[in-house]
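Have a look at data.cif; it's mmCIF, C-alpha atoms:
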```cif
data_start
#
loop_
_atom_site.label_atom_id
_atom_site.label_comp_id
_atom_site.auth_asym_id
_atom_site.auth_seq_id
_atom_site.Cartn_x
_atom_site.Cartn_y
_atom_site.Cartn_z
CA MET A 1 -40.96 8.76 -3.36
CA LYS A 2 -42.07 11.99 -5.01
CA ASP A 3 -41.54 13.21 -8.56
CA GLN A 4 -39.23 16.18 -8.97
CA HIS A 5 -38.44 18.48 -11.85
CA GLN A 6 -35.18 20.34 -12.29
CA GLU A 7 -33.70 22.31 -15.16
CA GLY A 8 -30.19 23.51 -15.89
CA GLY A 9 -28.42 25.44 -18.57
CA ASP A 10 -26.08 24.07 -21.19
CA ASN A 11 -23.19 21.95 -19.87
CA SER A 12 -24.61 21.95 -16.35
CA ASN A 13 -24.59 18.89 -14.09
CA LEU A 14 -27.78 18.28 -12.13
CA TYR A 15 -27.01 16.19 -9.05
CA GLN A 16 -30.57 15.45 -8.07
CA GLY A 17 -31.60 12.12 -6.66
CA GLN A 18 -35.07 10.81 -6.10
CA SER A 19 -36.66 12.54 -3.12
CA LEU A 20 -37.53 10.16 -0.33
CA GLU A 21 -39.03 10.19 3.11
CA VAL A 22 -36.24 9.98 5.65
CA HIS A 23 -37.30 8.16 8.78
CA ASN A 24 -36.07 9.22 12.20
CA TYR A 25 -33.48 6.42 12.05
CA GLY A 26 -32.08 7.56 8.69
CA ILE A 27 -32.21 6.01 5.24
CA THR A 28 -31.82 2.32 4.46
CA ALA A 29 -29.04 0.78 2.39
CA GLN A 30 -31.62 -0.03 -0.32
CA GLU A 31 -32.73 3.61 -0.43
CA ALA A 32 -29.09 4.76 -0.69
CA ARG A 33 -28.62 2.33 -3.59
CA ASP A 34 -31.68 3.71 -5.39
CA ILE A 35 -30.55 7.30 -4.85
CA ALA A 36 -27.14 6.46 -6.36
CA LYS A 37 -28.71 4.87 -9.42
CA GLY A 38 -31.02 7.84 -9.89
CA VAL A 39 -28.14 10.30 -9.76
CA PHE A 40 -26.25 8.28 -12.37
CA TYR A 41 -29.07 8.05 -14.88
CA GLU A 42 -29.88 11.75 -14.55
CA ASN A 43 -26.32 12.81 -15.31
CA TYR A 44 -24.81 10.26 -17.68
CA LEU A 45 -24.77 10.48 -21.47
CA THR A 46 -27.91 9.57 -23.36
CA LEU A 47 -27.14 6.39 -25.29
CA ASN A 48 -29.07 4.04 -27.57
CA GLY A 49 -29.06 0.42 -28.55
CA ARG A 50 -26.46 -2.03 -27.33
CA ALA A 51 -24.45 0.65 -25.52
CA LEU A 52 -27.50 1.58 -23.47
CA GLU A 53 -28.14 -2.06 -22.58
CA GLU A 54 -24.53 -2.42 -21.44
CA VAL A 55 -24.83 0.69 -19.29
CA HIS A 56 -27.98 -0.66 -17.62
CA ARG A 57 -26.37 -4.05 -16.98
CA ARG A 58 -23.19 -2.60 -15.50
CA ILE A 59 -24.94 -0.02 -13.36
CA ASP A 60 -27.13 -2.80 -11.92
CA GLU A 61 -23.99 -4.90 -11.24
CA PHE A 62 -22.32 -2.02 -9.43
CA ALA A 63 -25.49 -1.11 -7.54
CA ASN A 64 -25.90 -4.69 -6.27
CA LEU A 65 -22.24 -4.88 -5.22
CA PHE A 66 -22.54 -1.50 -3.55
CA LEU A 67 -25.72 -2.56 -1.72
CA ALA A 68 -24.07 -5.73 -0.39
CA LYS A 69 -21.17 -3.73 1.08
CA LEU A 70 -23.35 -0.87 2.31
CA SER A 71 -25.69 -3.24 4.14
CA GLU A 72 -22.81 -4.11 6.47
CA ALA A 73 -21.85 -0.48 7.13
CA PRO A 74 -22.88 1.50 10.26
CA GLN A 75 -26.15 3.41 9.99
CA GLN A 76 -24.38 6.78 10.12
CA SER A 77 -22.30 5.85 7.08
CA ILE A 78 -25.50 4.89 5.23
CA ASN A 79 -27.08 8.23 6.16
CA ASN A 80 -24.03 10.05 4.82
CA PHE A 81 -24.75 8.78 1.30
CA ASP A 82 -27.72 11.15 1.09
CA THR A 83 -25.33 14.14 0.84
CA ALA A 84 -23.99 16.07 -2.13
CA ARG A 85 -20.42 15.04 -1.24
CA MET A 86 -21.14 11.30 -1.32
CA LEU A 87 -23.57 11.39 -4.28
CA SER A 88 -20.95 13.17 -6.37
CA ALA A 89 -18.30 10.57 -5.45
CA THR A 90 -20.76 7.72 -6.06
CA TYR A 91 -21.60 9.08 -9.51
CA LYS A 92 -17.90 9.19 -10.39
CA ALA A 93 -17.39 5.61 -9.16
CA GLN A 94 -20.36 4.31 -11.15
CA ARG A 95 -19.15 6.08 -14.26
CA GLN A 96 -15.68 4.51 -13.90
CA TYR A 97 -17.17 1.02 -13.74
CA VAL A 98 -19.71 1.58 -16.52
CA GLU A 99 -16.91 2.64 -18.87
CA ASN A 100 -14.47 -0.13 -17.88
CA GLY A 101 -16.53 -3.13 -16.73
CA ASP A 102 -13.66 -4.44 -14.59
CA GLN A 103 -14.98 -6.42 -11.62
CA GLU A 104 -11.87 -5.88 -9.47
CA LEU A 105 -12.13 -2.15 -10.17
CA ALA A 106 -15.79 -2.22 -9.08
CA GLU A 107 -14.82 -3.87 -5.78
CA MET A 108 -12.16 -1.25 -5.19
CA LEU A 109 -14.43 1.69 -6.04
CA ALA A 110 -17.19 0.39 -3.77
CA ASP A 111 -14.68 0.00 -0.94
CA PHE A 112 -13.52 3.59 -1.45
CA LEU A 113 -17.11 4.83 -1.16
CA ILE A 114 -17.83 2.82 1.99
CA ALA A 115 -14.61 4.06 3.60
CA MET A 116 -15.25 7.64 2.50
CA ALA A 117 -18.73 7.64 4.06
CA ALA A 118 -17.17 6.96 7.46
CA GLU A 119 -14.75 9.91 7.23
CA GLU A 120 -15.22 13.52 8.26
CA PRO A 121 -15.79 15.79 5.24
CA ARG A 122 -12.59 17.55 4.15
CA SER A 123 -10.39 15.34 6.35
CA LEU A 124 -7.19 13.98 4.80
CA ASN A 125 -8.62 10.49 4.41
CA ASP A 126 -11.81 11.88 2.83
CA ILE A 127 -9.86 13.90 0.26
CA VAL A 128 -7.46 11.03 -0.50
CA LEU A 129 -10.28 8.50 -0.98
CA ASN A 130 -12.24 10.91 -3.18
CA GLN A 131 -9.20 11.40 -5.39
CA ALA A 132 -8.60 7.64 -5.48
CA VAL A 133 -12.11 7.19 -6.93
CA GLU A 134 -11.11 9.42 -9.85
CA VAL A 135 -7.66 7.95 -10.44
CA ALA A 136 -8.05 4.18 -9.93
CA SER A 137 -9.53 3.48 -13.38
CA LYS A 138 -6.53 5.18 -15.03
CA LEU A 139 -4.21 2.46 -13.70
CA THR A 140 -3.81 -1.01 -15.19
CA PRO A 141 -4.24 -4.06 -12.92
CA SER A 142 -0.49 -4.63 -13.28
CA GLN A 143 0.29 -1.10 -12.09
CA ILE A 144 -1.97 -1.52 -9.07
CA ASP A 145 -0.17 -4.78 -8.21
CA GLY A 146 3.08 -2.84 -8.55
CA LEU A 147 1.82 -0.38 -5.93
CA VAL A 148 0.98 -3.22 -3.55
CA SER A 149 4.41 -4.78 -4.06
CA ILE A 150 6.22 -1.52 -3.27
CA LEU A 151 4.11 -1.12 -0.13
CA ASN A 152 5.05 -4.64 0.98
CA VAL A 153 8.77 -3.99 0.67
CA LEU A 154 8.67 -0.48 2.15
CA TRP A 155 6.12 -0.64 4.95
CA VAL A 156 5.49 -4.20 6.09
CA GLU A 157 7.54 -5.56 8.94
CA VAL A 158 7.50 -9.06 10.40
CA ASP A 159 5.41 -8.98 13.58
CA ASP A 160 8.23 -10.45 15.66
CA TYR A 161 11.53 -8.92 14.60
CA PRO A 162 13.25 -11.53 12.40
CA THR A 163 16.39 -13.20 13.67
CA SER A 164 17.73 -14.07 10.22
CA GLY A 165 17.50 -13.18 6.54
CA SER A 166 15.63 -16.43 5.98
CA ASP A 167 12.84 -15.17 8.25
CA VAL A 168 12.51 -12.03 6.14
CA PHE A 169 12.54 -14.01 2.88
CA ASP A 170 9.88 -16.43 4.18
CA PHE A 171 7.62 -13.56 5.22
CA LEU A 172 8.01 -11.65 1.95
CA HIS A 173 7.45 -14.80 -0.10
CA THR A 174 4.11 -15.32 1.66
CA GLN A 175 3.08 -11.67 1.21
CA LEU A 176 4.17 -11.31 -2.42
CA THR A 177 3.26 -14.71 -3.94
CA PRO A 178 -0.16 -13.41 -5.19
CA TYR A 179 1.70 -10.80 -7.28
CA TYR A 180 4.37 -12.99 -8.86
CA GLY A 181 4.36 -12.43 -12.63
CA ARG A 182 1.81 -9.61 -12.37
CA ILE A 183 3.78 -6.38 -11.85
CA PRO A 184 5.11 -3.94 -14.49
CA GLN A 185 8.36 -4.88 -16.16
CA ARG A 186 9.13 -1.49 -17.73
CA SER A 187 10.19 1.68 -15.97
CA ALA A 188 7.90 3.63 -18.33
CA GLU A 189 4.90 2.33 -16.38
CA TYR A 190 6.15 3.83 -13.14
CA GLU A 191 7.00 7.06 -14.98
CA TYR A 192 3.36 7.18 -16.12
CA MET A 193 2.19 6.52 -12.55
CA SER A 194 4.38 9.40 -11.40
CA ALA A 195 2.83 11.71 -14.02
CA LEU A 196 -0.61 10.59 -12.84
CA GLY A 197 0.28 11.55 -9.28
CA VAL A 198 0.12 8.23 -7.46
CA VAL A 199 3.89 7.82 -6.91
CA SER A 200 6.83 10.21 -6.54
CA GLU A 201 10.31 9.55 -7.86
CA ARG A 202 13.02 9.38 -5.23
CA PRO A 203 16.13 11.52 -5.56
CA VAL A 204 18.38 8.49 -4.90
CA SER A 205 18.03 5.10 -6.57
CA ALA A 206 18.09 1.91 -4.46
CA SER A 207 17.47 -1.76 -5.18
CA PRO A 208 14.82 -3.76 -3.28
CA TYR A 209 17.66 -5.70 -1.66
CA GLN A 210 19.08 -2.46 -0.27
CA TRP A 211 15.66 -1.62 1.12
CA LEU A 212 15.57 -4.97 2.90
CA ALA A 213 18.94 -4.23 4.50
CA ASN A 214 17.70 -0.77 5.54
CA GLY A 215 14.42 -2.13 6.90
CA TYR A 216 15.94 -4.86 9.07
CA PRO A 217 19.14 -3.48 10.68
CA GLY A 218 21.56 -6.12 11.87
CA VAL A 219 19.87 -9.00 10.04
CA PHE A 220 21.67 -8.93 6.69
CA VAL A 221 25.26 -9.00 7.93
CA LYS A 222 28.36 -11.13 7.63
CA GLY A 223 29.75 -12.61 10.82
CA PHE A 224 33.06 -11.96 12.53
CA SER A 225 35.23 -13.68 15.08
CA LEU A 226 35.67 -12.11 18.49
CA ASP A 227 39.44 -12.19 18.00
CA SER A 228 39.11 -9.82 15.04
CA LEU A 229 37.48 -7.05 17.10
CA GLU A 230 39.11 -3.72 17.82
CA PRO A 231 40.74 -3.67 21.28
CA GLU A 232 38.11 -1.36 22.78
CA LEU A 233 35.33 -3.76 21.74
CA LYS A 234 37.02 -6.84 23.16
CA LEU A 235 36.36 -5.39 26.62
CA TYR A 236 32.65 -6.10 26.03
CA THR A 237 32.96 -9.74 24.96
CA MET A 238 32.91 -11.31 28.43
CA PRO A 239 32.06 -14.09 28.80
CA PRO A 240 34.09 -14.58 25.60
CA ARG A 241 32.27 -17.59 24.20
CA GLU A 242 28.83 -15.97 24.46
CA GLY A 243 29.62 -12.56 23.01
CA GLY A 244 29.05 -10.51 26.13
CA GLN A 245 27.02 -7.32 26.19
CA TYR A 246 26.91 -6.45 22.48
CA PHE A 247 27.44 -9.64 20.47
CA GLU A 248 25.60 -12.89 19.78
CA PRO A 249 26.22 -15.94 17.56
CA LEU A 250 25.34 -15.59 13.88
CA PRO A 251 22.33 -17.87 13.13
CA GLU A 252 23.84 -19.12 9.87
CA ASN A 253 27.19 -19.97 11.50
CA GLU A 254 27.46 -20.15 15.27
CA ASN A 255 31.25 -20.06 15.09
CA LEU A 256 30.91 -16.40 14.09
CA PHE A 257 29.22 -13.46 15.79
CA ARG A 258 27.14 -10.38 14.97
CA ILE A 259 26.01 -7.29 16.85
CA LYS A 260 22.89 -8.03 18.87
CA LEU A 261 19.81 -7.04 16.90
CA ALA A 262 18.45 -4.68 19.56
CA GLU A 263 21.77 -2.83 19.60
CA ALA A 264 21.91 -2.69 15.78
CA ARG A 265 18.41 -1.21 15.69
CA ARG A 266 19.38 1.40 18.30
CA ILE A 267 22.43 2.44 16.27
CA VAL A 268 20.41 2.82 13.07
CA ALA A 269 17.59 4.69 14.85
CA ASN A 270 20.11 7.20 16.23
CA ARG A 271 21.68 7.57 12.80
CA ARG A 272 18.33 8.32 11.18
CA ALA A 273 17.29 10.74 13.92
CA ASP A 274 20.48 12.82 13.64
CA PRO A 275 22.54 11.65 10.65
CA TYR A 276 25.09 14.47 10.81
CA ASN A 277 26.13 14.05 14.44
CA ALA A 278 25.75 10.27 14.34
CA THR A 279 28.31 10.10 11.51
CA ARG A 280 30.75 12.45 13.24
CA SER A 281 30.59 10.63 16.57
CA ALA A 282 30.43 7.08 15.23
CA GLY A 283 32.19 4.78 17.66
CA ALA A 284 33.78 1.39 17.23
CA LEU A 285 30.42 -0.42 17.42
CA GLU A 286 28.88 1.73 14.68
CA ARG A 287 31.94 1.26 12.50
CA LEU A 288 31.71 -2.49 12.98
CA LEU A 289 28.04 -2.54 11.96
CA ASN A 290 28.83 -0.61 8.77
CA LYS A 291 31.71 -2.96 8.00
CA CYS A 292 29.57 -6.09 8.43
CA ASP A 293 26.56 -5.01 6.33
CA LEU A 294 26.03 -7.28 3.33
CA GLU A 295 26.06 -5.73 -0.14
CA PRO A 296 22.75 -5.86 -2.10
CA GLN A 297 24.20 -8.46 -4.48
CA GLN A 298 25.08 -10.71 -1.52
CA ILE A 299 21.54 -10.39 -0.18
CA ARG A 300 20.22 -11.25 -3.63
CA GLU A 301 22.33 -14.42 -3.76
CA SER A 302 21.10 -15.45 -0.33
CA CYS A 303 17.49 -14.84 -1.42
CA ARG A 304 17.99 -16.77 -4.67
CA LYS A 305 19.19 -19.83 -2.74
CA HIS A 306 16.33 -19.66 -0.25
CA TRP A 307 13.38 -18.60 -2.48
CA PRO A 308 14.30 -18.43 -6.20
CA GLU A 309 10.78 -17.20 -7.07
CA LEU A 310 11.07 -14.30 -4.64
CA ALA A 311 14.51 -13.36 -6.00
CA ALA A 312 13.15 -13.39 -9.56
CA PHE A 313 10.27 -11.14 -8.48
CA LEU A 314 12.58 -8.68 -6.71
CA ASP A 315 14.82 -8.70 -9.80
CA VAL A 316 11.85 -7.50 -11.87
CA MET A 317 11.25 -4.73 -9.34
CA GLN A 318 14.91 -3.75 -9.63
CA GLU A 319 15.01 -3.82 -13.44
CA SER A 320 11.79 -1.80 -13.72
CA ARG A 321 13.07 0.71 -11.13
CA ALA A 322 9.97 0.13 -9.01
CA MET A 323 11.79 0.97 -5.78
CA ASP A 324 12.87 4.32 -7.20
CA TYR A 325 9.28 5.45 -6.65
CA ARG A 326 7.39 6.00 -3.42
CA PRO A 327 3.56 5.83 -3.39
CA ASN A 328 1.97 9.09 -2.26
CA SER A 329 -1.27 9.30 -0.28
CA VAL A 330 -3.55 8.48 -3.24
CA GLY A 331 -1.26 5.66 -4.38
CA ILE A 332 -1.26 4.25 -0.86
CA ALA A 333 -5.08 4.31 -0.77
CA ILE A 334 -5.33 2.48 -4.10
CA GLY A 335 -2.63 -0.03 -3.12
CA HIS A 336 -4.29 -0.57 0.24
CA ALA A 337 -7.67 -1.32 -1.35
CA ALA A 338 -6.08 -3.96 -3.60
CA TRP A 339 -3.90 -5.33 -0.82
CA ARG A 340 -6.88 -5.96 1.44
CA ARG A 341 -8.07 -8.68 -0.94
CA HIS A 342 -5.23 -10.85 0.41
CA ASN A 343 -4.55 -9.18 3.77
CA PRO A 344 -7.72 -7.65 5.25
CA GLU A 345 -5.96 -6.72 8.50
CA ILE A 346 -3.92 -3.94 6.88
CA SER A 347 -5.14 -0.48 7.99
CA LEU A 348 -5.08 2.56 5.68
CA ASP A 349 -4.30 4.80 8.67
CA GLU A 350 -1.19 2.74 9.44
CA LEU A 351 0.10 3.16 5.89
CA LEU A 352 -0.65 6.90 5.82
CA GLU A 353 1.23 7.59 9.08
#
```

Mind turning the file's structure into structure tokens?
Amino acid sequence: MKDQHQEGGDNSNLYQGQSLEVHNYGITAQEARDIAKGVFYENYLTLNGRALEEVHRRIDEFANLFLAKLSEAPQQSINNFDTARMLSATYKAQRQYVENGDQELAEMLADFLIAMAAEEPRSLNDIVLNQAVEVASKLTPSQIDGLVSILNVLWVEVDDYPTSGSDVFDFLHTQLTPYYGRIPQRSAEYEYMSALGVVSERPVSASPYQWLANGYPGVFVKGFSLDSLEPELKLYTMPPREGGQYFEPLPENENLFRIKLAEARRIVANRRADPYNATRSAGALERLLNKCDLEPQQIRESCRKHWPELAAFLDVMQESRAMDYRPNSVGIAIGHAAWRRHNPEISLDELLE
């Protein structure tokens, strides 16, 4: 490596790393680590005494974490770190950790940098990840867990469509157990997150139980007897004891029936695609589905009997108005990075779709 000299005027930032000889196969992860450290020390405040020692310790901690993750990245991603775009983002990430010292934050920031290096400059993912580097340290761990919890309720679906509410409750209990007792309990925290730009307030309020009903059409319903059907629907109940074309036994009580789940999903999909015409032309089957939907309080009671811990958690989300906010692109990126600690299969692209 060669010595370099660079000067700048007052208040200028000099993003100059150590010069190095780039081989025909690109730079190594170790060289990228050293460049990042050099950029940080050349641009951060000049400190003395114990504060300086703490800075050195934390920057070494972050550099070692960063090196471990970068060593597993593709060579092209490593090469991309020797660019102004990535050095600027790396400096910001190091500064966030130096000033906070939070190990979970360091993991998240390093993941953002690795992901950003694989993106095309100025692509949506690149811009979102760059902004996430700046914003993540302004959120408390509880607020980040709140983001993950909202994402679980809004975006995650059981791989095989559930046949009963119990299936949904079992799945959510597994997904959300790591966050029990860890999410914000005051609406003011989500208001702050909205001001920060990681969530947006919805125009209409809804409880988490209502979101479950919306997310799984036909699952959270009360049963009916075939004899109670409107005359035009009775034509479709042959053979009568099996429910015919549109109906099937209710899992919780096989003496009652419900609309077949595939048909319920089709009705709701049509309603969402063209809500105005779907409402005007609603037939007997659509009217029956609306009539049989459980109220949020009934879903809550069912959840409380099946998983009391899950019901208590969803109650906190309801009381704090968590579901009144929708994570935006930056909030999704931050929530995704935290979520991957427990579910590494989740893709950021899937959540951003």

### Message
Running the PyMOL selection byres ((chain A and resi 172-183) around 10) on this model by hand, what would come out? Give it as an MDAnalysis selection string.
### Response
chainID A and resid 140:149 152:153 156:158 166:171 184:186 189 307:314 316:317 320 322 339 342:343

### Message
To one decimal place in Å, what is the distance between CA of Ile259 in chain A and CA of Glu301 in chain A?
### Response
22.1 Å

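Near Leu294 in chain A, within a cut-off of 8 Å and counting all atoms listed in the file, sit the residues Ala213, Phe220, Val221, Lys222, Cys292, Pro296, Gln298 and Ile299 of chain A, with same-chain residues fewer than 2 positions away left out.
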
### Message
On this structure, the PyMOL selection byres ((chain A and resi 96-102) around 7) would catch which residues? List them as a list in words, sorted by chain and number.
### Response
Val55, Arg58, Ile59, Lys92, Ala93, Gln94, Arg95, Gln103, Glu104, Leu105, Ala106 and Ser137 of chain A

### Query
Do you know which residues the PyMOL selection byres ((chain A and resi 351) around 12) returns on this file, as an NGL selection string?
:A and (125 or 148 or 150-152 or 154-157 or 327-337 or 339 or 345-350 or 352-353)

### Query
CA of Glu42 in chain A to CA of Ala84 in chain A: how many Å, to one decimal?
14.4 Å

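Straight-line separation from CA of Glu120 in chain A to CA of Phe62 in chain A: 24.6 Å.
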
### Task
Select, from A:Asn214, A:Ser205, A:Thr163, A:Ser302, the residue with the minimum atom-to-atom distance to Pro249 in chain A, counting all atoms listed in the file.
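Residue with the minimum atom-to-atom distance to Pro249 in chain A: A:Thr163.
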
### Task
Give the answer as one residue: which of A:Gln245, A:Pro203, A:Ala284, A:Leu226 has the shortest atom-to-atom distance to Met323 in chain A, using all atoms listed in the file?
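Going through A:Gln245, A:Pro203, A:Ala284, A:Leu226 one by one, the smallest distance to Met323 in chain A is for A:Pro203.
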
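Nearest residue to Tyr216 in chain A, choosing from A:Leu229, A:Leu124, A:Leu250, A:Val268 and counting all atoms listed in the file: A:Val268.
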
Residues at most 8 Å from range 65-79 of chain A, counting only C-alpha atoms, excluding those fewer than 6 positions away in the same chain, as an mmCIF file with C-alpha atoms, keeping the file's coordinate frame?
```
data_model
loop_
_atom_site.group_PDB
_atom_site.id
_atom_site.type_symbol
_atom_site.label_atom_id
_atom_site.label_comp_id
_atom_site.auth_asym_id
_atom_site.auth_seq_id
_atom_site.Cartn_x
_atom_site.Cartn_y
_atom_site.Cartn_z
ATOM 1 C CA GLY A 26 -32.080 7.560 8.690
ATOM 2 C CA ILE A 27 -32.210 6.010 5.240
ATOM 3 C CA THR A 28 -31.820 2.320 4.460
ATOM 4 C CA ALA A 29 -29.040 0.780 2.390
ATOM 5 C CA GLN A 30 -31.620 -0.030 -0.320
ATOM 6 C CA ALA A 32 -29.090 4.760 -0.690
ATOM 7 C CA ARG A 33 -28.620 2.330 -3.590
ATOM 8 C CA ALA A 106 -15.790 -2.220 -9.080
ATOM 9 C CA GLU A 107 -14.820 -3.870 -5.780
ATOM 10 C CA ALA A 110 -17.190 0.390 -3.770
ATOM 11 C CA ASP A 111 -14.680 0.000 -0.940
ATOM 12 C CA ILE A 114 -17.830 2.820 1.990
ATOM 13 C CA ALA A 117 -18.730 7.640 4.060
ATOM 14 C CA ALA A 118 -17.170 6.960 7.460
#
```

### Message
My list of candidates is A:Cys303, A:Met108, A:Ile127, A:Leu235. Which is closest to Leu212 in chain A when distances are computed with all atoms listed in the file?
### Response
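Counting all atoms listed in the file, the residue closest to Leu212 in chain A is A:Cys303.
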
Where's the centre, and what are the edge lengths in Å to one decimal, of a box along x, y and z enclosing all listed atoms of range 38-55 of chain A padded 5 Å per side, as AutoDock Vina command-line options?
```
--center_x -27.7 --center_y 5.2 --center_z -19.2 --size_x 16.6 --size_y 25.2 --size_z 28.8
```

### Query
In file coordinates, which residues lie within 12 Å of (41.4, 1.4, 19.3) using all atoms listed in the file, given as a ChimeraX atom specification?
/A:229-235,283-285,287

Could you add the missing atoms to range 219-235 of chain A, up to N, CA and C atoms, and return them as an mmCIF file, keeping the file's coordinate frame?
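Everything below was put into rebuild06.cif:
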```cif
data_model
loop_
_atom_site.group_PDB
_atom_site.id
_atom_site.type_symbol
_atom_site.label_atom_id
_atom_site.label_comp_id
_atom_site.auth_asym_id
_atom_site.auth_seq_id
_atom_site.Cartn_x
_atom_site.Cartn_y
_atom_site.Cartn_z
ATOM 1 N N VAL A 219 20.260 -7.660 10.503
ATOM 2 C CA VAL A 219 19.870 -9.000 10.040
ATOM 3 C C VAL A 219 20.737 -9.445 8.868
ATOM 4 N N PHE A 220 20.904 -8.574 7.889
ATOM 5 C CA PHE A 220 21.670 -8.930 6.690
ATOM 6 C C PHE A 220 23.122 -8.497 6.866
ATOM 7 N N VAL A 221 23.859 -9.313 7.616
ATOM 8 C CA VAL A 221 25.260 -9.000 7.930
ATOM 9 C C VAL A 221 26.108 -10.245 7.776
ATOM 10 N N LYS A 222 27.413 -10.012 7.599
ATOM 11 C CA LYS A 222 28.360 -11.130 7.630
ATOM 12 C C LYS A 222 28.958 -11.205 9.032
ATOM 13 N N GLY A 223 29.268 -12.417 9.463
ATOM 14 C CA GLY A 223 29.750 -12.610 10.820
ATOM 15 C C GLY A 223 31.225 -12.275 10.977
ATOM 16 N N PHE A 224 31.664 -12.246 12.213
ATOM 17 C CA PHE A 224 33.060 -11.960 12.530
ATOM 18 C C PHE A 224 33.453 -12.799 13.734
ATOM 19 N N SER A 225 34.729 -12.997 13.893
ATOM 20 C CA SER A 225 35.230 -13.680 15.080
ATOM 21 C C SER A 225 35.522 -12.650 16.158
ATOM 22 N N LEU A 226 35.417 -13.041 17.394
ATOM 23 C CA LEU A 226 35.670 -12.110 18.490
ATOM 24 C C LEU A 226 37.133 -11.672 18.509
ATOM 25 N N ASP A 227 38.021 -12.535 18.024
ATOM 26 C CA ASP A 227 39.440 -12.190 18.000
ATOM 27 C C ASP A 227 39.739 -11.055 17.033
ATOM 28 N N SER A 228 38.856 -10.842 16.054
ATOM 29 C CA SER A 228 39.110 -9.820 15.040
ATOM 30 C C SER A 228 38.657 -8.425 15.476
ATOM 31 N N LEU A 229 38.030 -8.324 16.650
ATOM 32 C CA LEU A 229 37.480 -7.050 17.100
ATOM 33 C C LEU A 229 38.568 -6.049 17.471
ATOM 34 N N GLU A 230 38.222 -4.775 17.353
ATOM 35 C CA GLU A 230 39.110 -3.720 17.820
ATOM 36 C C GLU A 230 39.302 -3.886 19.337
ATOM 37 N N PRO A 231 40.458 -3.481 19.849
ATOM 38 C CA PRO A 231 40.740 -3.670 21.280
ATOM 39 C C PRO A 231 39.662 -3.117 22.206
ATOM 40 N N GLU A 232 39.097 -1.950 21.879
ATOM 41 C CA GLU A 232 38.110 -1.360 22.780
ATOM 42 C C GLU A 232 36.803 -2.157 22.829
ATOM 43 N N LEU A 233 36.529 -2.941 21.757
ATOM 44 C CA LEU A 233 35.330 -3.760 21.740
ATOM 45 C C LEU A 233 35.532 -5.094 22.447
ATOM 46 N N LYS A 234 36.763 -5.561 22.498
ATOM 47 C CA LYS A 234 37.020 -6.840 23.160
ATOM 48 C C LYS A 234 36.691 -6.773 24.647
ATOM 49 N N LEU A 235 36.691 -5.557 25.211
ATOM 50 C CA LEU A 235 36.360 -5.390 26.620
ATOM 51 C C LEU A 235 34.923 -5.820 26.921
#
```
